[in-house]
$ cat run-v8.pdb   # PDB, C-alpha atoms
ATOM      1  CA  MET D   1       8.236 104.353  86.403
ATOM      2  CA  ASP D   2       7.597 100.644  86.694
ATOM      3  CA  ILE D   3       5.014  99.696  84.081
ATOM      4  CA  GLN D   4       2.820  97.630  86.423
ATOM      5  CA  LEU D   5       2.860 100.395  89.030
ATOM      6  CA  LYS D   6       1.977 103.042  86.468
ATOM      7  CA  ARG D   7      -0.820 100.873  85.138
ATOM      8  CA  GLY D   8      -2.284 100.522  88.622
ATOM      9  CA  LEU D   9      -1.974 104.262  89.271
ATOM     10  CA  LEU D  10      -3.687 105.161  85.999
ATOM     11  CA  ASP D  11      -6.616 102.906  86.886
ATOM     12  CA  ILE D  12      -7.071 104.771  90.162
ATOM     13  CA  CYS D  13      -6.725 108.162  88.445
ATOM     14  CA  VAL D  14      -9.459 107.321  85.968
ATOM     15  CA  LEU D  15     -11.725 106.120  88.788
ATOM     16  CA  ALA D  16     -11.029 109.340  90.703
ATOM     17  CA  ALA D  17     -11.846 111.390  87.598
ATOM     18  CA  ILE D  18     -15.374 109.921  87.456
ATOM     19  CA  LYS D  19     -15.899 109.654  91.208
ATOM     20  CA  ASN D  20     -17.859 112.850  91.819
ATOM     21  CA  GLU D  21     -19.811 112.923  88.582
ATOM     22  CA  ASP D  22     -20.135 110.869  85.429
ATOM     23  CA  SER D  23     -17.586 111.889  82.838
ATOM     24  CA  TYR D  24     -16.570 111.196  79.232
ATOM     25  CA  GLY D  25     -13.286 110.345  77.541
ATOM     26  CA  TYR D  26     -11.986 113.769  76.573
ATOM     27  CA  LYS D  27     -12.949 115.320  79.908
ATOM     28  CA  ILE D  28     -11.157 112.556  81.815
ATOM     29  CA  ILE D  29      -7.958 113.230  79.858
ATOM     30  CA  LYS D  30      -8.281 116.987  80.387
ATOM     31  CA  ASP D  31      -8.923 116.628  84.121
ATOM     32  CA  MET D  32      -5.915 114.363  84.574
ATOM     33  CA  LYS D  33      -3.541 116.348  82.389
ATOM     34  CA  PRO D  34      -2.064 118.571  85.159
ATOM     35  CA  TYR D  35      -1.138 115.406  87.111
ATOM     36  CA  ILE D  36      -0.467 112.632  84.639
ATOM     37  CA  GLU D  37      -0.355 112.540  80.829
ATOM     38  CA  MET D  38      -2.261 109.780  79.149
ATOM     39  CA  SER D  39      -2.849 108.945  75.512
ATOM     40  CA  GLU D  40      -6.303 108.161  74.125
ATOM     41  CA  SER D  41      -5.299 104.579  73.378
ATOM     42  CA  THR D  42      -4.194 104.021  76.956
ATOM     43  CA  LEU D  43      -7.408 105.534  78.285
ATOM     44  CA  TYR D  44      -9.449 103.238  76.083
ATOM     45  CA  THR D  45      -7.620 100.189  77.430
ATOM     46  CA  ILE D  46      -8.092 101.325  81.022
ATOM     47  CA  LEU D  47     -11.784 102.111  80.628
ATOM     48  CA  LYS D  48     -12.304  98.698  79.059
ATOM     49  CA  ARG D  49     -10.462  96.967  81.879
ATOM     50  CA  LEU D  50     -12.409  98.869  84.563
ATOM     51  CA  GLU D  51     -15.669  98.072  82.810
ATOM     52  CA  LEU D  52     -14.832  94.356  82.667
ATOM     53  CA  SER D  53     -13.918  94.311  86.359
ATOM     54  CA  GLU D  54     -17.207  96.095  87.115
ATOM     55  CA  MET D  55     -15.577  99.173  88.616
ATOM     56  CA  LEU D  56     -17.574 101.375  86.262
ATOM     57  CA  THR D  57     -20.561 101.206  83.949
ATOM     58  CA  VAL D  58     -20.960 102.824  80.534
ATOM     59  CA  ARG D  59     -23.975 104.583  79.066
ATOM     60  CA  THR D  60     -24.314 106.244  75.691
ATOM     61  CA  SER D  61     -26.030 109.626  75.551
ATOM     62  CA  GLU D  62     -26.815 111.985  72.737
ATOM     63  CA  HIS D  63     -24.784 115.143  72.783
ATOM     64  CA  GLY D  64     -25.051 117.858  70.134
ATOM     65  CA  GLY D  65     -26.399 115.539  67.478
ATOM     66  CA  ARG D  66     -23.855 112.767  68.088
ATOM     67  CA  LEU D  67     -23.296 109.996  70.589
ATOM     68  CA  ARG D  68     -21.025 110.279  73.572
ATOM     69  CA  LYS D  69     -20.134 107.615  76.117
ATOM     70  CA  TYR D  70     -20.414 108.484  79.794
ATOM     71  CA  TYR D  71     -18.681 106.517  82.523
ATOM     72  CA  HIS D  72     -20.246 105.971  85.931
ATOM     73  CA  ILE D  73     -18.354 104.660  88.956
ATOM     74  CA  THR D  74     -19.763 101.632  90.807
ATOM     75  CA  ARG D  75     -19.628 100.668  94.479
ATOM     76  CA  ALA D  76     -16.622  98.424  93.690
ATOM     77  CA  GLY D  77     -14.872 101.350  92.007
ATOM     78  CA  ILE D  78     -15.305 103.573  95.052
ATOM     79  CA  GLU D  79     -13.993 100.770  97.266
ATOM     80  CA  ARG D  80     -10.981 100.401  94.993
ATOM     81  CA  ILE D  81     -10.125 104.082  95.564
ATOM     82  CA  GLU D  82     -10.461 103.614  99.329
ATOM     83  CA  ASP D  83      -8.189 100.559  99.238
ATOM     84  CA  PHE D  84      -5.668 102.566  97.267
ATOM     85  CA  LYS D  85      -5.684 105.352  99.840
ATOM     86  CA  ASN D  86      -5.073 102.884 102.663
ATOM     87  CA  GLU D  87      -2.316 101.095 100.749
ATOM     88  CA  TRP D  88      -0.577 104.385 100.033
ATOM     89  CA  ARG D  89      -0.639 105.516 103.599
ATOM     90  CA  GLU D  90       1.520 102.444 104.254
ATOM     91  CA  VAL D  91       3.714 103.133 101.231
ATOM     92  CA  MET D  92       4.233 106.723 102.379
ATOM     93  CA  SER D  93       5.304 105.661 105.858
ATOM     94  CA  ILE D  94       7.777 103.211 104.289
ATOM     95  CA  TYR D  95       8.974 106.051 102.073
ATOM     96  CA  GLN D  96       9.573 108.232 105.117
ATOM     97  CA  PHE D  97      11.624 105.432 106.652
ATOM     98  CA  VAL D  98      13.718 105.011 103.485
ATOM     99  CA  ILE D  99      14.388 108.753 103.281
ATOM    100  CA  LYS D 100      15.323 108.911 106.944
ATOM    101  CA  GLU D 101      17.789 106.016 106.631
ATOM    102  CA  GLU D 102      19.543 107.726 103.741
ATOM    103  CA  GLU D 103      20.310 110.896 105.674
TER     104      GLU D 103
ATOM    105  CA  MET Z   1      -5.501 115.058  57.994
ATOM    106  CA  ARG Z   2      -9.275 115.078  58.102
ATOM    107  CA  LYS Z   3     -11.173 113.009  60.643
ATOM    108  CA  GLN Z   4     -12.703 110.545  58.178
ATOM    109  CA  GLU Z   5      -9.357 110.048  56.475
ATOM    110  CA  PHE Z   6      -7.722 109.372  59.837
ATOM    111  CA  LEU Z   7     -10.390 106.867  60.884
ATOM    112  CA  ARG Z   8     -10.171 105.032  57.557
ATOM    113  CA  ALA Z   9      -6.387 104.753  57.855
ATOM    114  CA  LEU Z  10      -6.695 103.524  61.423
ATOM    115  CA  LYS Z  11      -9.293 100.954  60.412
ATOM    116  CA  ARG Z  12      -6.942  99.565  57.771
ATOM    117  CA  LYS Z  13      -4.068  99.306  60.276
ATOM    118  CA  LEU Z  14      -6.169  97.648  62.957
ATOM    119  CA  ALA Z  15      -7.954  95.257  60.608
ATOM    120  CA  ARG Z  16      -6.671  92.307  62.601
ATOM    121  CA  LEU Z  17      -8.628  93.273  65.735
ATOM    122  CA  PRO Z  18     -11.997  91.611  66.364
ATOM    123  CA  ARG Z  19     -14.770  93.464  64.512
ATOM    124  CA  GLN Z  20     -16.579  94.652  67.644
ATOM    125  CA  GLU Z  21     -13.425  95.917  69.308
ATOM    126  CA  LEU Z  22     -12.357  97.695  66.130
ATOM    127  CA  GLU Z  23     -15.764  99.388  65.872
ATOM    128  CA  GLU Z  24     -15.615 100.467  69.529
ATOM    129  CA  ARG Z  25     -12.110 101.864  69.225
ATOM    130  CA  LEU Z  26     -12.964 103.836  66.086
ATOM    131  CA  ASN Z  27     -16.050 105.297  67.803
ATOM    132  CA  PHE Z  28     -13.880 106.202  70.764
ATOM    133  CA  TYR Z  29     -11.370 108.127  68.634
ATOM    134  CA  SER Z  30     -14.187 109.737  66.691
ATOM    135  CA  GLU Z  31     -15.745 110.983  69.923
ATOM    136  CA  MET Z  32     -12.371 112.280  71.115
ATOM    137  CA  ILE Z  33     -11.862 114.245  67.917
ATOM    138  CA  ASP Z  34     -15.416 115.650  67.981
ATOM    139  CA  ASP Z  35     -15.019 116.748  71.601
ATOM    140  CA  ARG Z  36     -11.829 118.614  70.722
ATOM    141  CA  ILE Z  37     -13.465 120.309  67.758
ATOM    142  CA  GLU Z  38     -16.396 121.266  69.952
ATOM    143  CA  GLU Z  39     -14.033 122.928  72.403
ATOM    144  CA  ASP Z  40     -11.875 125.151  70.206
ATOM    145  CA  ARG Z  41      -9.668 123.061  67.920
ATOM    146  CA  THR Z  42      -9.934 122.825  64.142
ATOM    147  CA  GLU Z  43     -10.506 119.361  62.643
ATOM    148  CA  GLU Z  44      -6.845 119.044  61.570
ATOM    149  CA  GLU Z  45      -5.587 120.119  64.979
ATOM    150  CA  ALA Z  46      -7.933 117.739  66.751
ATOM    151  CA  VAL Z  47      -6.727 114.831  64.631
ATOM    152  CA  SER Z  48      -3.061 115.668  65.163
ATOM    153  CA  ASP Z  49      -3.683 115.929  68.954
ATOM    154  CA  ILE Z  50      -4.752 112.310  68.962
ATOM    155  CA  GLY Z  51      -1.445 111.229  67.401
ATOM    156  CA  THR Z  52      -0.418 109.573  64.170
ATOM    157  CA  VAL Z  53      -2.001 106.341  63.006
ATOM    158  CA  ASP Z  54       1.338 104.536  63.419
ATOM    159  CA  GLU Z  55       1.798 105.797  66.980
ATOM    160  CA  ILE Z  56      -1.688 104.690  67.943
ATOM    161  CA  THR Z  57      -1.237 101.268  66.364
ATOM    162  CA  ALA Z  58       2.069 100.780  68.207
ATOM    163  CA  GLN Z  59       0.476 101.913  71.483
ATOM    164  CA  ILE Z  60      -2.448  99.517  71.118
ATOM    165  CA  LEU Z  61      -0.107  96.605  70.422
ATOM    166  CA  ALA Z  62       2.015  97.532  73.466
ATOM    167  CA  ASP Z  63      -1.072  97.775  75.692
ATOM    168  CA  LYS Z  64      -2.276  94.406  74.477
ATOM    169  CA  ALA Z  65       1.120  92.907  75.265
ATOM    170  CA  THR Z  66       1.062  94.163  78.887
ATOM    171  CA  GLU Z  67      -2.549  93.049  79.282
ATOM    172  CA  ARG Z  68      -1.445  89.548  78.374
ATOM    173  CA  GLU Z  69       1.318  89.528  81.000
ATOM    174  CA  LYS Z  70       0.205  86.949  83.489
ATOM    175  CA  PRO Z  71       1.510  86.319  87.005
ATOM    176  CA  LYS Z  72       3.902  83.391  87.475
ATOM    177  CA  ARG Z  73       2.472  80.226  85.986
ATOM    178  CA  ARG Z  74       1.114  77.552  88.284
ATOM    179  CA  LEU Z  75       0.409  73.872  87.648
ATOM    180  CA  GLY Z  76      -2.816  73.410  85.729
ATOM    181  CA  ILE Z  77      -5.516  71.000  86.898
ATOM    182  CA  LEU Z  78      -4.715  68.660  84.008
ATOM    183  CA  GLU Z  79      -1.028  68.592  84.940
ATOM    184  CA  ILE Z  80      -1.815  67.832  88.596
ATOM    185  CA  LEU Z  81      -4.170  65.064  87.457
ATOM    186  CA  LEU Z  82      -1.517  63.579  85.156
ATOM    187  CA  LEU Z  83       1.088  63.717  87.944
ATOM    188  CA  ALA Z  84      -1.313  61.928  90.292
ATOM    189  CA  LEU Z  85      -2.320  59.304  87.730
ATOM    190  CA  GLY Z  86       1.296  58.758  86.671
ATOM    191  CA  SER Z  87       2.542  58.412  90.247
ATOM    192  CA  PRO Z  88       2.696  54.553  90.177
ATOM    193  CA  ILE Z  89       5.214  54.896  87.328
ATOM    194  CA  TRP Z  90       7.328  57.915  88.237
ATOM    195  CA  LEU Z  91       7.205  57.336  91.971
ATOM    196  CA  SER Z  92       8.620  53.805  91.644
ATOM    197  CA  LEU Z  93      11.298  55.094  89.240
ATOM    198  CA  VAL Z  94      12.301  57.761  91.759
ATOM    199  CA  ILE Z  95      12.408  55.190  94.562
ATOM    200  CA  ALA Z  96      14.535  52.870  92.381
ATOM    201  CA  ALA Z  97      16.946  55.698  91.548
ATOM    202  CA  PHE Z  98      17.333  56.602  95.202
ATOM    203  CA  SER Z  99      17.860  52.940  96.168
ATOM    204  CA  VAL Z 100      20.669  52.637  93.592
ATOM    205  CA  ILE Z 101      22.330  55.764  94.955
ATOM    206  CA  PHE Z 102      21.874  54.534  98.514
ATOM    207  CA  SER Z 103      23.394  51.104  97.740
ATOM    208  CA  ILE Z 104      26.433  52.723  96.095
ATOM    209  CA  TYR Z 105      26.989  54.703  99.280
ATOM    210  CA  ALA Z 106      26.507  51.566 101.373
ATOM    211  CA  VAL Z 107      29.166  49.692  99.342
ATOM    212  CA  LEU Z 108      31.643  52.570  99.618
ATOM    213  CA  TRP Z 109      31.186  52.883 103.350
ATOM    214  CA  SER Z 110      31.414  49.127 103.937
ATOM    215  CA  ILE Z 111      34.900  49.271 102.351
ATOM    216  CA  VAL Z 112      35.851  51.822 104.989
ATOM    217  CA  VAL Z 113      34.343  49.710 107.752
ATOM    218  CA  SER Z 114      36.194  46.578 106.604
ATOM    219  CA  VAL Z 115      39.542  48.371 106.307
ATOM    220  CA  TRP Z 116      39.158  49.716 109.836
ATOM    221  CA  SER Z 117      38.222  46.286 111.175
ATOM    222  CA  VAL Z 118      41.419  44.841 109.648
ATOM    223  CA  PHE Z 119      43.251  47.634 111.454
ATOM    224  CA  ALA Z 120      41.468  46.825 114.712
ATOM    225  CA  SER Z 121      42.223  43.091 114.496
ATOM    226  CA  LEU Z 122      45.898  43.746 113.683
ATOM    227  CA  ALA Z 123      46.100  46.056 116.686
ATOM    228  CA  ALA Z 124      44.514  43.338 118.853
ATOM    229  CA  CYS Z 125      47.003  40.763 117.501
ATOM    230  CA  ALA Z 126      49.907  43.121 118.276
ATOM    231  CA  ILE Z 127      48.861  43.638 121.890
ATOM    232  CA  SER Z 128      47.907  40.032 122.577
ATOM    233  CA  GLY Z 129      51.035  38.745 120.729
ATOM    234  CA  VAL Z 130      53.395  40.823 122.853
ATOM    235  CA  VAL Z 131      51.533  40.025 126.089
ATOM    236  CA  ALA Z 132      51.350  36.279 125.278
ATOM    237  CA  GLY Z 133      55.050  36.268 124.318
ATOM    238  CA  ILE Z 134      56.031  37.775 127.673
ATOM    239  CA  ILE Z 135      53.833  35.277 129.549
ATOM    240  CA  PHE Z 136      55.321  32.330 127.541
ATOM    241  CA  SER Z 137      58.866  33.514 128.351
ATOM    242  CA  PHE Z 138      58.082  33.709 132.051
ATOM    243  CA  ILE Z 139      56.541  30.230 132.290
ATOM    244  CA  GLY Z 140      59.729  28.752 130.771
ATOM    245  CA  ASN Z 141      58.862  28.279 127.084
ATOM    246  CA  GLY Z 142      61.485  30.872 125.957
ATOM    247  CA  LEU Z 143      61.596  30.120 122.203
ATOM    248  CA  SER Z 144      57.823  30.144 121.684
ATOM    249  CA  GLY Z 145      57.686  33.309 123.797
ATOM    250  CA  ILE Z 146      60.182  35.107 121.558
ATOM    251  CA  VAL Z 147      58.429  33.993 118.332
ATOM    252  CA  THR Z 148      54.995  35.089 119.618
ATOM    253  CA  ALA Z 149      56.311  38.423 120.896
ATOM    254  CA  THR Z 150      58.081  39.033 117.549
ATOM    255  CA  ALA Z 151      54.848  38.289 115.666
ATOM    256  CA  GLY Z 152      53.113  40.753 117.975
ATOM    257  CA  ILE Z 153      55.708  43.454 117.236
ATOM    258  CA  VAL Z 154      55.386  42.837 113.466
ATOM    259  CA  CYS Z 155      51.613  43.244 113.853
ATOM    260  CA  ALA Z 156      52.163  46.483 115.744
ATOM    261  CA  GLY Z 157      54.331  47.786 112.869
ATOM    262  CA  LEU Z 158      51.708  46.812 110.315
ATOM    263  CA  THR Z 159      49.064  48.491 112.473
ATOM    264  CA  VAL Z 160      50.951  51.782 112.350
ATOM    265  CA  PHE Z 161      51.268  51.550 108.547
ATOM    266  CA  LEU Z 162      47.626  50.523 108.156
ATOM    267  CA  PHE Z 163      46.474  53.450 110.322
ATOM    268  CA  PHE Z 164      47.667  55.933 107.681
ATOM    269  CA  GLY Z 165      46.120  53.804 104.911
ATOM    270  CA  CYS Z 166      42.784  53.705 106.761
ATOM    271  CA  LYS Z 167      42.856  57.427 107.386
ATOM    272  CA  ALA Z 168      43.542  58.198 103.719
ATOM    273  CA  ALA Z 169      40.797  55.791 102.568
ATOM    274  CA  THR Z 170      38.238  57.303 104.956
ATOM    275  CA  LYS Z 171      39.107  60.818 103.867
ATOM    276  CA  GLY Z 172      38.850  59.808 100.210
ATOM    277  CA  ILE Z 173      35.424  58.243 100.677
ATOM    278  CA  ILE Z 174      34.165  61.297 102.584
ATOM    279  CA  VAL Z 175      35.305  63.590  99.774
ATOM    280  CA  LEU Z 176      33.756  61.263  97.186
ATOM    281  CA  THR Z 177      30.456  61.217  99.106
ATOM    282  CA  GLN Z 178      30.334  65.006  99.336
ATOM    283  CA  LYS Z 179      31.246  65.496  95.697
ATOM    284  CA  SER Z 180      28.721  62.993  94.377
ATOM    285  CA  ALA Z 181      25.992  64.431  96.639
ATOM    286  CA  ALA Z 182      26.735  67.894  95.295
ATOM    287  CA  GLY Z 183      26.723  66.467  91.767
ATOM    288  CA  ILE Z 184      23.322  64.822  92.231
ATOM    289  CA  LYS Z 185      21.928  67.984  93.799
ATOM    290  CA  GLY Z 186      23.370  70.121  90.994
ATOM    291  CA  TYR Z 187      21.746  67.836  88.441
ATOM    292  CA  PHE Z 188      18.302  68.327  89.975
ATOM    293  CA  VAL Z 189      18.676  72.082  90.502
ATOM    294  CA  LYS Z 190      19.811  72.545  86.914
ATOM    295  CA  LYS Z 191      16.803  70.573  85.706
ATOM    296  CA  GLU Z 192      14.507  72.851  87.655
ATOM    297  CA  ASN Z 193      15.993  76.008  86.192
ATOM    298  CA  THR Z 194      15.663  74.997  82.546
TER     299      THR Z 194
END
$ encode --input "run-v8.pdb" --output "structure tokens"
Amino acid sequence: MDIQLKRGLLDICVLAAIKNEDSYGYKIIKDMKPYIEMSESTLYTILKRLELSEMLTVRTSEHGGRLRKYYHITRAGIERIEDFKNEWREVMSIYQFVIKEEE
Amino acid sequence: MRKQEFLRALKRKLARLPRQELEERLNFYSEMIDDRIEEDRTEEEAVSDIGTVDEITAQILADKATEREKPKRRLGILEILLLALGSPIWLSLVIAAFSVIFSIYAVLWSIVVSVWSVFASLAACAISGVVAGIIFSFIGNGLSGIVTATAGIVCAGLTVFLFFGCKAATKGIIVLTQKSAAGIKGYFVKKENT
């Protein structure tokens, strides 16, 4: 897959993984695993990028005697997911056209 | 490999990263390993799930490389400013260059124009010579009439020869114009690509 496309998709996946409730690194990877494999290093980079673009916020909580970082989606993050859904409706209709022309 | 051992090795490999980023990354991996252990994995398994230190280092470098990929470069403010300030110099140079090219074309085409005007005057001489010769013969000056008519016929012959010369010259200049225009264009396009 095209690297820029994959990068964009992974961003959306991570946002979707924290959309309904705050989540932490390992849980995000586990939740995404059936759909898309992602290494820890990649996840770190994505979380950092989303934090810098204010799509999510980070808080540190104590968990079982150690610290764990929780990620919370922002308004901008939710809007990003909505934009993605609208964009992909267009992409899917183009896809249908391409498939049809090949028949 | 134990967790602490893994983190120490990673820290050594990533020593070039800024201190805060390094600290954050190490905490991140530490949390990942702890979460795996908490679930059901042993410490060794959790560490090997994360990947080898070399793999992680390579991945981080690759991620950093794609992060740095910027969209196509545009002119910076400083460059625009310099272009604007330098315009009295480069603009006049460009105008001078175009005037030189234009004058070369003008010279080439004036050759064509002059050759064709020689042709036109010879043709006029031929017609008027023959006509005048006939008129002279009729009004009684037979010898002058014959000489004038002969001159007219000679002119007509020269006109026919000159027509081919003019045609060839015009064609040559047209080809030269096209070729040099393409050459000048090619020079600029090449410059842009490099």
$ residues_near_point --input "run-v8.pdb" --point "(-16.8, 102.2, 82.5)" --cutoff "8 Å" --atoms "only C-alpha atoms" --output "list in words"
Leu47, Lys48, Leu50, Glu51, Glu54, Met55, Leu56, Thr57, Val58, Tyr70, Tyr71, His72 and Ile73 of chain D
$ write_last_selection --input "run-v8.pdb" --atoms "C-alpha atoms" --output "short mmCIF file (atom, residue, chain, number, x, y, z; two decimals), in the frame of the given file"
data_model
loop_
_atom_site.label_atom_id
_atom_site.label_comp_id
_atom_site.auth_asym_id
_atom_site.auth_seq_id
_atom_site.Cartn_x
_atom_site.Cartn_y
_atom_site.Cartn_z
CA LEU D 47 -11.78 102.11 80.63
CA LYS D 48 -12.30 98.70 79.06
CA LEU D 50 -12.41 98.87 84.56
CA GLU D 51 -15.67 98.07 82.81
CA GLU D 54 -17.21 96.10 87.12
CA MET D 55 -15.58 99.17 88.62
CA LEU D 56 -17.57 101.38 86.26
CA THR D 57 -20.56 101.21 83.95
CA VAL D 58 -20.96 102.82 80.53
CA TYR D 70 -20.41 108.48 79.79
CA TYR D 71 -18.68 106.52 82.52
CA HIS D 72 -20.25 105.97 85.93
CA ILE D 73 -18.35 104.66 88.96
#
$ closest_atom_pairs --input "run-v8.pdb" --of "chain D" --to "chain Z" --cutoff "10 Å" --atoms "only C-alpha atoms" --output "JSON lines"
{"residue": "D:Ile3", "atom": "CA", "partner": "Z:Thr66", "partner_atom": "CA", "distance": 8.6}
{"residue": "D:Gln4", "atom": "CA", "partner": "Z:Thr66", "partner_atom": "CA", "distance": 8.5}
{"residue": "D:Arg7", "atom": "CA", "partner": "Z:Thr66", "partner_atom": "CA", "distance": 9.4}
{"residue": "D:Tyr24", "atom": "CA", "partner": "Z:Met32", "partner_atom": "CA", "distance": 9.2}
{"residue": "D:Gly25", "atom": "CA", "partner": "Z:Met32", "partner_atom": "CA", "distance": 6.8}
{"residue": "D:Tyr26", "atom": "CA", "partner": "Z:Met32", "partner_atom": "CA", "distance": 5.7}
{"residue": "D:Lys27", "atom": "CA", "partner": "Z:Asp35", "partner_atom": "CA", "distance": 8.7}
{"residue": "D:Ile29", "atom": "CA", "partner": "Z:Met32", "partner_atom": "CA", "distance": 9.8}
{"residue": "D:Ser39", "atom": "CA", "partner": "Z:Ile50", "partner_atom": "CA", "distance": 7.6}
{"residue": "D:Glu40", "atom": "CA", "partner": "Z:Ile50", "partner_atom": "CA", "distance": 6.8}
{"residue": "D:Ser41", "atom": "CA", "partner": "Z:Ile60", "partner_atom": "CA", "distance": 6.2}
{"residue": "D:Thr42", "atom": "CA", "partner": "Z:Asp63", "partner_atom": "CA", "distance": 7.1}
{"residue": "D:Leu43", "atom": "CA", "partner": "Z:Phe28", "partner_atom": "CA", "distance": 9.9}
{"residue": "D:Tyr44", "atom": "CA", "partner": "Z:Arg25", "partner_atom": "CA", "distance": 7.5}
{"residue": "D:Thr45", "atom": "CA", "partner": "Z:Asp63", "partner_atom": "CA", "distance": 7.2}
{"residue": "D:Ile46", "atom": "CA", "partner": "Z:Asp63", "partner_atom": "CA", "distance": 9.5}
{"residue": "D:Arg49", "atom": "CA", "partner": "Z:Glu67", "partner_atom": "CA", "distance": 9.2}
{"residue": "D:His63", "atom": "CA", "partner": "Z:Asp35", "partner_atom": "CA", "distance": 10.0}
{"residue": "D:Gly64", "atom": "CA", "partner": "Z:Glu38", "partner_atom": "CA", "distance": 9.3}
{"residue": "D:Arg66", "atom": "CA", "partner": "Z:Glu31", "partner_atom": "CA", "distance": 8.5}
{"residue": "D:Leu67", "atom": "CA", "partner": "Z:Glu31", "partner_atom": "CA", "distance": 7.6}
{"residue": "D:Arg68", "atom": "CA", "partner": "Z:Glu31", "partner_atom": "CA", "distance": 6.5}
{"residue": "D:Lys69", "atom": "CA", "partner": "Z:Glu31", "partner_atom": "CA", "distance": 8.3}
$ closest_residue --input "run-v8.pdb" --among "D:Arg59, D:Phe97, D:Arg89, D:Met38" --to "D:Asp11" --atoms "all atoms listed in the file"
D:Met38
$ resolve_selection --input "run-v8.pdb" --expression "the PyMOL selection byres ((chain Z and resi 127) around 12)" --output "list in words"
Ala120, Ser121, Leu122, Ala123, Ala124, Cys125, Ala126, Ser128, Gly129, Val130, Val131, Ala132, Gly133, Ile134, Thr148, Ala149, Thr150, Ala151, Gly152, Ile153, Val154, Cys155, Ala156, Gly157 and Thr159 of chain Z
$ write_last_selection --input "run-v8.pdb" --atoms "C-alpha atoms" --output "PDB file, in the coordinates of the input"
ATOM      1  CA  ALA Z 120      41.468  46.825 114.712  1.00  0.00           C
ATOM      2  CA  SER Z 121      42.223  43.091 114.496  1.00  0.00           C
ATOM      3  CA  LEU Z 122      45.898  43.746 113.683  1.00  0.00           C
ATOM      4  CA  ALA Z 123      46.100  46.056 116.686  1.00  0.00           C
ATOM      5  CA  ALA Z 124      44.514  43.338 118.853  1.00  0.00           C
ATOM      6  CA  CYS Z 125      47.003  40.763 117.501  1.00  0.00           C
ATOM      7  CA  ALA Z 126      49.907  43.121 118.276  1.00  0.00           C
ATOM      8  CA  SER Z 128      47.907  40.032 122.577  1.00  0.00           C
ATOM      9  CA  GLY Z 129      51.035  38.745 120.729  1.00  0.00           C
ATOM     10  CA  VAL Z 130      53.395  40.823 122.853  1.00  0.00           C
ATOM     11  CA  VAL Z 131      51.533  40.025 126.089  1.00  0.00           C
ATOM     12  CA  ALA Z 132      51.350  36.279 125.278  1.00  0.00           C
ATOM     13  CA  GLY Z 133      55.050  36.268 124.318  1.00  0.00           C
ATOM     14  CA  ILE Z 134      56.031  37.775 127.673  1.00  0.00           C
ATOM     15  CA  THR Z 148      54.995  35.089 119.618  1.00  0.00           C
ATOM     16  CA  ALA Z 149      56.311  38.423 120.896  1.00  0.00           C
ATOM     17  CA  THR Z 150      58.081  39.033 117.549  1.00  0.00           C
ATOM     18  CA  ALA Z 151      54.848  38.289 115.666  1.00  0.00           C
ATOM     19  CA  GLY Z 152      53.113  40.753 117.975  1.00  0.00           C
ATOM     20  CA  ILE Z 153      55.708  43.454 117.236  1.00  0.00           C
ATOM     21  CA  VAL Z 154      55.386  42.837 113.466  1.00  0.00           C
ATOM     22  CA  CYS Z 155      51.613  43.244 113.853  1.00  0.00           C
ATOM     23  CA  ALA Z 156      52.163  46.483 115.744  1.00  0.00           C
ATOM     24  CA  GLY Z 157      54.331  47.786 112.869  1.00  0.00           C
ATOM     25  CA  THR Z 159      49.064  48.491 112.473  1.00  0.00           C
TER      26      THR Z 159
END
$ atom_distance --input "run-v8.pdb" --atom1 "atom CA of D:Thr74" --atom2 "atom CA of D:Ile28"
16.6 Å
$ resolve_selection --input "run-v8.pdb" --expression "the PyMOL selection byres ((chain Z and resi 14) around 12)" --output "ChimeraX atom specification"
/Z:7-13,15-26,53-54,56-61
$ closest_residue --input "run-v8.pdb" --among "D:Leu52, D:Ile78, D:Ile36, D:Val91" --to "D:Leu9" --atoms "all atoms listed in the file"
D:Ile36
$ atom_distance --input "run-v8.pdb" --atom1 "atom CA of Z:Lys185" --atom2 "atom CA of Z:Leu78"
28.4 Å
$ build_atoms --input "run-v8.pdb" --residues "stretch 127-134 of chain Z" --atoms "N, CA and C atoms" --output "short mmCIF file (atom, residue, chain, number, x, y, z; two decimals), in the coordinates of the input"
data_model
loop_
_atom_site.label_atom_id
_atom_site.label_comp_id
_atom_site.auth_asym_id
_atom_site.auth_seq_id
_atom_site.Cartn_x
_atom_site.Cartn_y
_atom_site.Cartn_z
N ILE Z 127 48.89 43.57 120.43
CA ILE Z 127 48.86 43.64 121.89
C ILE Z 127 48.91 42.23 122.49
N SER Z 128 47.98 41.37 121.97
CA SER Z 128 47.91 40.03 122.58
C SER Z 128 49.19 39.24 122.29
N GLY Z 129 49.78 39.43 121.08
CA GLY Z 129 51.04 38.74 120.73
C GLY Z 129 52.15 39.09 121.71
N VAL Z 130 52.32 40.39 121.95
CA VAL Z 130 53.40 40.82 122.85
C VAL Z 130 53.14 40.31 124.26
N VAL Z 131 51.88 40.46 124.73
CA VAL Z 131 51.53 40.02 126.09
C VAL Z 131 51.74 38.52 126.23
N ALA Z 132 51.23 37.74 125.22
CA ALA Z 132 51.35 36.28 125.28
C ALA Z 132 52.83 35.87 125.26
N GLY Z 133 53.62 36.56 124.42
CA GLY Z 133 55.05 36.27 124.32
C GLY Z 133 55.75 36.43 125.66
N ILE Z 134 55.42 37.52 126.37
CA ILE Z 134 56.03 37.78 127.67
C ILE Z 134 55.64 36.68 128.66
#
